[in-house]
Structures are given as C-alpha cells and as structure tokens.
Amino acid sequence: LHPAASGSAGWPRRFQPRLAPMDLGGRRILRQVIAPGGARVLVALSAVAIMGGLDAIRAEHYHSLPALLTPDPIAAAWTMALLGSAEGVAIAIVIVVVVLGVQLTADRYSPRIIDIFIRDRINGLVLALFLGSIIFTIWVSTAIKVAYVPYFLVYTAIGLAIVDFVFLLPYVRYMFQIMRGETIIAGIRRHAAIEINRAITVPQHQAAHRHSVRESLSQFADIALGSTQEGDTEVALAAIHAVRGLVCNDYIPAKARLPGHWVTVSHEDMPCAA
C-alpha cells in the first residue's frame, strides 16, 4: 500500500477507525451521549415551565411555578413510585435491546466480541447510573412521612431520573454504533496498543498484558474469517489492515522495550500442540 493512500496510522482512508483515541474521553461522551439527550430534556423542561406557568396564573392557591411544583406528602410518594417504575421499565428495555444486539454481533463475528462490550466504560456508567437511581428512589420513598416531605431527597431523585433519561436514547444509539464492524476493529486495536504500553510500564504484570494482546489478535482473526464467510469484504480488509497497523506501528517500535518473556513461545500459545 502506497503511503500517500494511507492515513497517519497506516489505515486506508476508507478503513480508518471511526472513533479516535480522544473519543474514549469526554469528547465522545459529550457528542454521542450527553448532547442529544440534553437537548430533548431541555425541550421537555421548557414545556413544563411554560405550561406550568400558565397553570400557576390560573390557580387560586399557587401563584408561582415553584409553588405549583412543590409536592405534598401524597404527591411526593406517588412521584417516587412513578420514578422507580419508569426507571425500572426503561433499563429493562435497554438491557433487552443491548443483549440482543450484542448476541447478533457475536454470532456474526465471534463470541470473543462480548468482552469488548463488557469492558466499555460507557456501558458500566449508564447501567450503574440507572441502578443507583432506582435504589436511591426506593430509600427516598421510605423517608416520606404523612406530615413531612424530605424535599432535598425528593428533588435529588427527580434530578437523577432526569439524568437517566438524558442518557437513555443516546445510549441505545451509541450501542448500535459500537456494534459496527469497523468500530469494533478500531476498539480492539486500541485496546491491544494500550496493553503493549502497559507491559512496558508495568513489567511485573506482563503475562496478563501479553494474554490480552493475544486475545486481540484472535479477535481480529475471528472477525476477518466471519466477515469473509458473510461476504463483508470491507470489514475483513479492515481487520487485516488493523493487524498490520498494530504490528508495524505499535508492536515493532516497542518490541525492544518489552520484557524478555514476551517473545517466549509456551504451551499457552499453542494449546493444541502435543
């Protein structure tokens, strides 16, 4: 491949990863998850403010929007019950969709692909946020008394529910995006490169890092083979170019600094050998 036809990391332009390393941080989260959901929530809150203001004008005992939206003990209890039910149903639907999507992706490429979704930080963040919100709402419900409303707890639970639904639809979109073959390949190469660097900086754990790199290479092979069988030439070529980039751009420049046992072939590397 002529250098002029390649990107900076040895990828042909049509096969360059869709997610750059910077996307693992705040930029990817902001662009793909927070911004779309935040826009929808702002529209909903604006509608509440406008319609609630009109109702406050018409009300006899509530002459302001904060007074209208301040719950009494019965309203607070029903609100907490509604929040807990809505969050539970939402996360159940998301889990079903994600599990089906991951299963279809694993069937198409390789069961090893499941590890990519397990170690994805956004998956853990969203699931932990939903589960934490549900548990928090349950405890808030027990704090509401007949003649007392713990407003700080109630409003915090409402705020957590709003944050949950900010992430909901963008998270589903994000999950379907990372199930794309090109994105999976880019993530595998990125993970393998990180493991190579960790083997240099933390040599006492080089066996675990070496195992992770070997698993990444096996994932590349599975994806290339599965894509070839499915007739998906672009993904198969992307996997081949990813292996080339990992070896030439990430492994060979760092090979001299790797521990000596890194290049030793053992029974673990050839489990079927006699």
# chains A, B, ... in the order shown; residues from 1 in each chain; ligands from 1

call {"tool": "residues_around", "arguments": {"residues": "segment 215-218 of chain A", "least_positions_apart": "3", "cutoff": "8 Å", "atoms": "only C-alpha atoms", "output": "PyMOL selection string"}}
result
chain A and resi 188-189+191-192+211-212+221-222+243

call {"tool": "write_last_selection", "arguments": {"atoms": "N, CA and C atoms", "output": "mmCIF file, in the first residue's frame"}}
result
data_model
loop_
_atom_site.group_PDB
_atom_site.id
_atom_site.type_symbol
_atom_site.label_atom_id
_atom_site.label_comp_id
_atom_site.auth_asym_id
_atom_site.auth_seq_id
_atom_site.Cartn_x
_atom_site.Cartn_y
_atom_site.Cartn_z
ATOM 1 N N ILE A 188 -10.575 -2.849 19.231
ATOM 2 C CA ILE A 188 -9.660 -3.961 19.529
ATOM 3 C C ILE A 188 -8.209 -3.514 19.367
ATOM 4 N N ARG A 189 -7.920 -2.803 18.272
ATOM 5 C CA ARG A 189 -6.548 -2.347 18.071
ATOM 6 C C ARG A 189 -6.127 -1.375 19.159
ATOM 7 N N HIS A 191 -7.226 -1.219 22.216
ATOM 8 C CA HIS A 191 -7.020 -1.969 23.454
ATOM 9 C C HIS A 191 -5.686 -2.716 23.429
ATOM 10 N N ALA A 192 -5.350 -3.334 22.290
ATOM 11 C CA ALA A 192 -4.083 -4.061 22.185
ATOM 12 C C ALA A 192 -2.892 -3.118 22.329
ATOM 13 N N HIS A 211 -1.392 -11.819 27.402
ATOM 14 C CA HIS A 211 -2.608 -12.590 27.136
ATOM 15 C C HIS A 211 -3.661 -11.715 26.466
ATOM 16 N N SER A 212 -3.799 -10.462 26.912
ATOM 17 C CA SER A 212 -4.785 -9.562 26.310
ATOM 18 C C SER A 212 -4.457 -9.268 24.851
ATOM 19 N N ALA A 221 -8.650 -12.231 13.954
ATOM 20 C CA ALA A 221 -8.776 -13.401 13.079
ATOM 21 C C ALA A 221 -10.234 -13.848 12.964
ATOM 22 N N ASP A 222 -10.944 -13.856 14.092
ATOM 23 C CA ASP A 222 -12.349 -14.259 14.056
ATOM 24 C C ASP A 222 -13.181 -13.314 13.203
ATOM 25 N N VAL A 243 -4.481 -5.378 11.896
ATOM 26 C CA VAL A 243 -3.361 -6.219 12.336
ATOM 27 C C VAL A 243 -2.043 -5.642 11.837
#

call {"tool": "residues_around", "arguments": {"residues": "segment 43-49 of chain A", "least_positions_apart": "6", "cutoff": "10 Å", "atoms": "only C-alpha atoms", "output": "PyMOL selection string"}}
result
chain A and resi 55+65-66+69+162

call {"tool": "write_last_selection", "arguments": {"atoms": "C-alpha atoms", "output": "tab-separated table (two decimals), in the first residue's frame"}}
result
chain	number	residue	atom	x	y	z
A	55	ASP	CA	-51.46	26.88	35.28
A	65	LEU	CA	-44.30	27.85	39.27
A	66	PRO	CA	-42.13	26.70	42.26
A	69	LEU	CA	-44.32	22.11	41.55
A	162	ILE	CA	-33.85	13.31	34.50

call {"tool": "residues_around", "arguments": {"residues": "Ile184 of chain A", "least_positions_apart": "3", "cutoff": "10 Å", "atoms": "only C-alpha atoms", "output": "number ranges by chain"}}
result
A: 17-19, 105, 113, 116-117, 177-181, 187-190, 219-220, 223, 235, 239

call {"tool": "closest_residue", "arguments": {"among": "A:Phe176, A:Val146, A:Ala224, A:Ala56", "to": "Leu104 of chain A", "atoms": "only C-alpha atoms"}}
result
A:Phe176

call {"tool": "atom_distance", "arguments": {"atom1": "atom CA of Leu258 of chain A", "atom2": "atom CA of Ile196 of chain A"}}
result
8.0 Å

call {"tool": "residues_around", "arguments": {"residues": "Val149 of chain A", "least_positions_apart": "4", "cutoff": "7 Å", "atoms": "only C-alpha atoms", "output": "list of chain:residue names"}}
result
A:Asp72, A:Pro73, A:Ile144, A:Lys145

call {"tool": "residues_around", "arguments": {"residues": "Pro259 of chain A", "least_positions_apart": "4", "cutoff": "10 Å", "atoms": "only C-alpha atoms", "output": "MDAnalysis selection string"}}
result
chainID A and resid 199:200 202:204 206:207 255 263:264

call {"tool": "closest_residue", "arguments": {"among": "A:Val96, A:Val102, A:Ile57, A:Leu83", "to": "Phe136 of chain A", "atoms": "only C-alpha atoms"}}
result
A:Leu83

call {"tool": "closest_residue", "arguments": {"among": "A:Tyr151, A:Phe167, A:Tyr174, A:Trp139", "to": "Asp120 of chain A", "atoms": "only C-alpha atoms"}}
result
A:Tyr174

call {"tool": "select_by_dssp", "arguments": {"residues": "segment 46-240 of chain A", "states": "alpha helix (DSSP H)", "output": "PyMOL selection string"}}
result
chain A and resi 46-58+65-68+73-108+114-118+121-143+151-178+181-201+206-230+233-240
